[in-house]
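I have placed the structure first, in the form of structure tokens, so that the comments after it can refer back to it.
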Amino acid sequence: MDPSEINSRDAETTSPTQHAMAVVWGHFARSIGLVERLMSVPISQKTVTHSPQAKILELLIGILCGIEYLTDLSEGAAPLSKDREVGEAWGLSGLSDASGVSRTLKACDDEVVGALQRALDEVSQPFLDRAIHELLLRNAPLVLDADLTGRAVSSTSESYPGAAFGWMDGEVRLGYQLAEICLQTPLFGRQWLSAQHHPGDRVPNSCLLSLLAAAEARMGCFPRRRPELLLPRLETCERAIAEAERLVSQQVQRAEAQAARIRRLTAQIEQARRQVLSLQAQPASTRQAGPYSRLTQLQQRLVGWEAQRERARQQEAHALMVAERHRRQLQLAVEAHDRLRQHYERLCQDNLRQSDPPRCTIRVDAGFSSGENLTTLIELGDEVETKSGNAAVVHALRQQVIETTPCTRVGKNAEMLAWTNYQISTCPYPLTVALERFHTPNGLLHAVLIRSQAGPVETAPDLVEWFQAYNARQTIEAGNKEEKTTFKLQHLMSRSPGGIQIQALLTVFAANFVRWAHEWIQPRVQHSSRRFDGVLSSPKRLVRVAANSPASLDRSDGRLLLRFSPLSTFADVVIRLSGAPSIQLALPLFTTHHFSSA
């Protein structure tokens, strides 16, 4: 056979790509319905060559390939927009340039962001249900971690809408805050449940409860609520209302008594004035004179009664003022009681909606641990692990120990000492607290850990276990780092409000996506290497290396094989993309929505 014919046939059956893993992920994305779902998101922008939905999908592919700036889609070392095989793998006829993606992001408003969020949640739900189902089968608690991460921009920039100065990366910077919450799962590792975009001056305390509500909605389950805790607080509110009503009534009675006294004095004064006028009208020769005369005595009484009336008016005004102050206090007490009553009823209704609630633990840093948040989390039934952000608590506990007080060693340079049934002024429920002492070259450093308790506790928990359990929340800090170093979240790829939010949504989705894909890819690896086996469980190396490695697509013999190029670090690794048995990723068995709709 003529060599030119062989080369021509090879050209028809083999084609190159510079983004090997992006091709593999494209086939996985189509198998789980991601592409179809995203293409149905309504976006008010006309299609010229590429649909606006395709350009949003292209941004996701770019994030999965670790692009640092949006222009990398067209001007990177291996431009994604020119890789025909990637587009085909994701079901696209072609990929747009960066300017087209930018224009689409600018056209996206809050409605598009909401529709995109719902589409991503629908695709994510089967994986989340499976992960939760496995945890429930193990009777393991659902462990949630929440955090706030900054997305800084240039401090002199004026083109980022809604940016504000706030604390980011250890200093005050201009930008945004991304409030996030994730679930720890043995099946897929860290799973992001919600990411909420805020101005840079948003503080953690104001984000926690909305994050938790979003997480519970995604998980479809929540811990047993504790409405019984509110009953003593409701009784306290009722006593406060009764006392405020008594004080209002008391002051009203005083005001009424003074008003009656004023009326009586006014009548006396009017009568006395008439008598004075009558006496003054008499001839001087017939009128009694002197200090003890009738006229003089009436005039003196007038002065005294007028003084008494003035004092009565002042006392009436004071009583009315105090009564009004107590009325305001009464109104506040009634409003607090109504809020508490409504909260109590919601908690009771939640318990009726769910027959078999799981245990849930939430771990947050000191920025989230206000007394109000601690109170609400405990009432919601969560087991809380946090740190105190109040220096007064640290000082109070340090006052209870001396340098020779025995402590439990919990780490290489860390010791702890715990107290149960501890009360802080901003939370009505007893807590377990522990003073941490860290031995450093600069001397002792101190911090306070806080843990909720179900009721009165006599014995302190295992301090080593507690120390390790709280510090395990470093997984969310690692997740924040992964978003910034692997998926380049800190580099804002749009200056429109919708575009900024869409980048955040796609980034947290991408972090979940690469973990779901592992079990789909593994049985399709026809020929592997030790290095590639290690990469499959490393999202960082998958994105930074495997997604940017050259490979070829072999379509001979009615199959589709991806072969990593000999020039890549995964030479000779082969993944079969067609002909392998399909995998059922989600079954009704794995549904975790235990509660009925309200």
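Chain lettering (A, B, ...) mirrors the order of the structure tokens, residue numbering begins at 1 for each chain separately, and ligand numbering begins at 1 in order of display.
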query = Excluding same-chain residues fewer than 6 positions from A:Ala546, what lies within 10 Å of it counting only C-alpha atoms, as an MDAnalysis selection string?
reply = chainID A and resid 18:22 65 532 535:536 539:540 564 568:570
Contacts of stretch 471-551 of chain A with stretch 382-400 of chain A up to 12 Å, shortest pair per row, only C-alpha atoms, as a Markdown table:
```
| residue | atom | partner | partner_atom | distance |
| --- | --- | --- | --- | --- |
| A:Asn471 | CA | A:Glu385 | CA | 9.8 |
| A:Ala472 | CA | A:Glu385 | CA | 10.7 |
| A:Arg473 | CA | A:Glu385 | CA | 9.4 |
```
task = List every residue of stretch 12-142 of chain A that DSSP, applied to the backbone, labels as strand (DSSP E), and write the result as JSON, numbers by chain.
result = {"A": [14, 15, 16, 17, 142]}
Could you take the residues named above and write them with N, CA and C atoms, as a PDB file, in the first residue's frame?
```
ATOM      1  N   THR A  14      -6.959   9.504  13.741  1.00  0.00           N
ATOM      2  CA  THR A  14      -6.207  10.023  14.879  1.00  0.00           C
ATOM      3  C   THR A  14      -6.160  11.543  14.810  1.00  0.00           C
ATOM      4  N   SER A  15      -6.431  12.190  15.942  1.00  0.00           N
ATOM      5  CA  SER A  15      -6.376  13.654  15.981  1.00  0.00           C
ATOM      6  C   SER A  15      -5.797  14.087  17.323  1.00  0.00           C
ATOM      7  N   PRO A  16      -5.093  15.210  17.325  1.00  0.00           N
ATOM      8  CA  PRO A  16      -4.395  15.627  18.546  1.00  0.00           C
ATOM      9  C   PRO A  16      -5.240  16.555  19.425  1.00  0.00           C
ATOM     10  N   THR A  17      -4.860  16.618  20.676  1.00  0.00           N
ATOM     11  CA  THR A  17      -5.392  17.607  21.611  1.00  0.00           C
ATOM     12  C   THR A  17      -4.271  18.019  22.551  1.00  0.00           C
ATOM     13  N   LEU A 142     -22.848  14.338  59.998  1.00  0.00           N
ATOM     14  CA  LEU A 142     -22.566  15.162  58.829  1.00  0.00           C
ATOM     15  C   LEU A 142     -21.756  16.364  59.311  1.00  0.00           C
TER      16      LEU A 142
END
```
request  = Run DSSP on the backbone of this structure and report the residues of stretch 166-306 of chain A it assigns to alpha helix (DSSP H), as number ranges by chain.
outcome  = A: 208-219, 230-281, 294-306
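Restricting the calculation to only C-alpha atoms, the smallest distance between A:Gly26 and any of A:Leu567, A:Trp520, A:Ala257, A:Asp129 is found for A:Trp520.
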request  = List the neighbours of stretch 490-495 of chain A out to 9 Å using only C-alpha atoms; skip same-chain residues closer than 4 positions along the sequence, and give me the result as number ranges by chain.
outcome  = A: 68-71, 102, 105-106, 150-153, 159-161, 483-485, 499-500, 503
Saved selection, atoms kept: N, CA, C and O atoms, as a JSON list (two decimals), in the first residue's frame:
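Output contents, as saved in out.json:
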```
[["chain", "number", "residue", "atom", "x", "y", "z"],
["A", 68, "GLU", "N", -5.63, 31.19, 34.11],
["A", 68, "GLU", "CA", -5.41, 32.21, 35.12],
["A", 68, "GLU", "C", -6.19, 33.48, 34.81],
["A", 68, "GLU", "O", -6.68, 34.15, 35.71],
["A", 69, "TYR", "N", -6.32, 33.79, 33.52],
["A", 69, "TYR", "CA", -7.07, 34.97, 33.08],
["A", 69, "TYR", "C", -7.97, 34.54, 31.92],
["A", 69, "TYR", "O", -7.68, 33.56, 31.22],
["A", 70, "LEU", "N", -9.04, 35.28, 31.72],
["A", 70, "LEU", "CA", -9.97, 34.91, 30.66],
["A", 70, "LEU", "C", -9.30, 34.92, 29.30],
["A", 70, "LEU", "O", -9.61, 34.10, 28.42],
["A", 71, "THR", "N", -8.35, 35.82, 29.10],
["A", 71, "THR", "CA", -7.66, 35.89, 27.80],
["A", 71, "THR", "C", -6.87, 34.62, 27.49],
["A", 71, "THR", "O", -6.54, 34.37, 26.32],
["A", 102, "SER", "N", -16.42, 36.94, 27.36],
["A", 102, "SER", "CA", -16.53, 38.14, 28.19],
["A", 102, "SER", "C", -17.85, 38.86, 27.94],
["A", 102, "SER", "O", -18.51, 39.32, 28.89],
["A", 105, "LEU", "N", -20.68, 36.98, 29.66],
["A", 105, "LEU", "CA", -20.68, 37.20, 31.11],
["A", 105, "LEU", "C", -21.27, 38.56, 31.45],
["A", 105, "LEU", "O", -22.00, 38.72, 32.43],
["A", 106, "LYS", "N", -20.97, 39.55, 30.64],
["A", 106, "LYS", "CA", -21.50, 40.90, 30.87],
["A", 106, "LYS", "C", -23.02, 40.94, 30.69],
["A", 106, "LYS", "O", -23.71, 41.74, 31.34],
["A", 150, "GLY", "N", -11.49, 35.98, 50.86],
["A", 150, "GLY", "CA", -11.48, 37.24, 50.14],
["A", 150, "GLY", "C", -11.11, 37.07, 48.67],
["A", 150, "GLY", "O", -10.36, 36.17, 48.29],
["A", 151, "ARG", "N", -11.66, 37.96, 47.84],
["A", 151, "ARG", "CA", -11.31, 38.04, 46.42],
["A", 151, "ARG", "C", -10.92, 39.50, 46.17],
["A", 151, "ARG", "O", -11.75, 40.34, 45.85],
["A", 152, "ALA", "N", -9.66, 39.80, 46.37],
["A", 152, "ALA", "CA", -9.19, 41.18, 46.34],
["A", 152, "ALA", "C", -8.98, 41.67, 44.91],
["A", 152, "ALA", "O", -8.67, 40.90, 44.00],
["A", 153, "VAL", "N", -9.15, 42.98, 44.73],
["A", 153, "VAL", "CA", -8.83, 43.66, 43.48],
["A", 153, "VAL", "C", -7.88, 44.81, 43.81],
["A", 153, "VAL", "O", -7.57, 45.06, 44.98],
["A", 159, "SER", "N", -13.76, 50.12, 38.85],
["A", 159, "SER", "CA", -14.60, 49.49, 37.83],
["A", 159, "SER", "C", -15.23, 48.18, 38.27],
["A", 159, "SER", "O", -15.90, 47.52, 37.49],
["A", 160, "TYR", "N", -14.99, 47.79, 39.54],
["A", 160, "TYR", "CA", -15.61, 46.56, 40.05],
["A", 160, "TYR", "C", -16.86, 46.94, 40.85],
["A", 160, "TYR", "O", -16.75, 47.54, 41.92],
["A", 161, "PRO", "N", -18.04, 46.60, 40.37],
["A", 161, "PRO", "CA", -19.28, 47.02, 41.06],
["A", 161, "PRO", "C", -19.45, 46.34, 42.41],
["A", 161, "PRO", "O", -19.25, 45.14, 42.54],
["A", 483, "GLU", "N", -8.99, 26.59, 45.50],
["A", 483, "GLU", "CA", -9.76, 27.46, 44.60],
["A", 483, "GLU", "C", -8.89, 28.57, 44.03],
["A", 483, "GLU", "O", -9.06, 28.98, 42.88],
["A", 484, "LYS", "N", -7.97, 29.07, 44.85],
["A", 484, "LYS", "CA", -7.17, 30.21, 44.42],
["A", 484, "LYS", "C", -5.92, 29.81, 43.65],
["A", 484, "LYS", "O", -5.52, 30.50, 42.71],
["A", 485, "THR", "N", -5.30, 28.71, 44.04],
["A", 485, "THR", "CA", -4.04, 28.33, 43.38],
["A", 485, "THR", "C", -4.25, 27.38, 42.21],
["A", 485, "THR", "O", -3.49, 27.40, 41.25],
["A", 499, "GLY", "N", -21.15, 38.22, 35.98],
["A", 499, "GLY", "CA", -19.95, 37.47, 35.61],
["A", 499, "GLY", "C", -19.10, 37.09, 36.80],
["A", 499, "GLY", "O", -18.56, 35.98, 36.86],
["A", 500, "ILE", "N", -18.98, 37.99, 37.77],
["A", 500, "ILE", "CA", -18.19, 37.70, 38.97],
["A", 500, "ILE", "C", -18.81, 36.54, 39.74],
["A", 500, "ILE", "O", -18.12, 35.63, 40.22],
["A", 503, "GLN", "N", -18.39, 33.12, 37.82],
["A", 503, "GLN", "CA", -17.06, 32.53, 37.99],
["A", 503, "GLN", "C", -16.96, 31.79, 39.32],
["A", 503, "GLN", "O", -16.41, 30.69, 39.38]]
```
task = Report the distance between atom CA of A:Ala333 and atom CA of A:Ser452 in Å, rounded to one decimal place.
result =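 Rounded to one decimal, the two atoms are 27.1 Å apart.
One distance worth recording is that between atom CA of A:Val464 and atom CA of A:Asn413, which is 12.6 Å.
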request  = Excluding stretch 109-114 of chain A and any residue of its chain fewer than 5 positions from it, enumerate the residues within 7 Å of it, using only C-alpha atoms, and give them as an MDAnalysis selection string.
outcome  = chainID A and resid 42:43 498 502
Residues from the last selection, N, CA, C and O atoms, saved as an mmCIF file, in the first residue's frame:
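Generated file (again-v5.cif):
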```cif
data_model
loop_
_atom_site.group_PDB
_atom_site.id
_atom_site.type_symbol
_atom_site.label_atom_id
_atom_site.label_comp_id
_atom_site.auth_asym_id
_atom_site.auth_seq_id
_atom_site.Cartn_x
_atom_site.Cartn_y
_atom_site.Cartn_z
ATOM 1 N N PRO A 42 -31.561 29.833 30.434
ATOM 2 C CA PRO A 42 -31.957 30.960 29.574
ATOM 3 C C PRO A 42 -31.027 32.163 29.749
ATOM 4 O O PRO A 42 -30.804 32.631 30.865
ATOM 5 N N ILE A 43 -30.469 32.645 28.630
ATOM 6 C CA ILE A 43 -29.596 33.824 28.638
ATOM 7 C C ILE A 43 -30.044 34.736 27.504
ATOM 8 O O ILE A 43 -30.141 34.299 26.348
ATOM 9 N N GLY A 498 -22.928 39.878 37.414
ATOM 10 C CA GLY A 498 -23.293 38.505 37.081
ATOM 11 C C GLY A 498 -22.091 37.662 36.740
ATOM 12 O O GLY A 498 -21.984 36.507 37.162
ATOM 13 N N ILE A 502 -20.868 34.221 38.502
ATOM 14 C CA ILE A 502 -20.819 32.994 37.711
ATOM 15 C C ILE A 502 -19.459 32.331 37.822
ATOM 16 O O ILE A 502 -19.363 31.092 37.941
#
```
request  = Pick out the closest residue to A:Leu553 from this set: A:Gln271, A:Ser565, A:Gln251, A:Thr104. Count only C-alpha atoms.
outcome  =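 The answer is A:Ser565, which sits nearest to A:Leu553.
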Computed interatomic separation between atom CA of A:Ser529 and atom CA of A:Ala551 (Å) =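 Atom-to-atom, atom CA of A:Ser529 to atom CA of A:Ala551, that is 15.2 Å.
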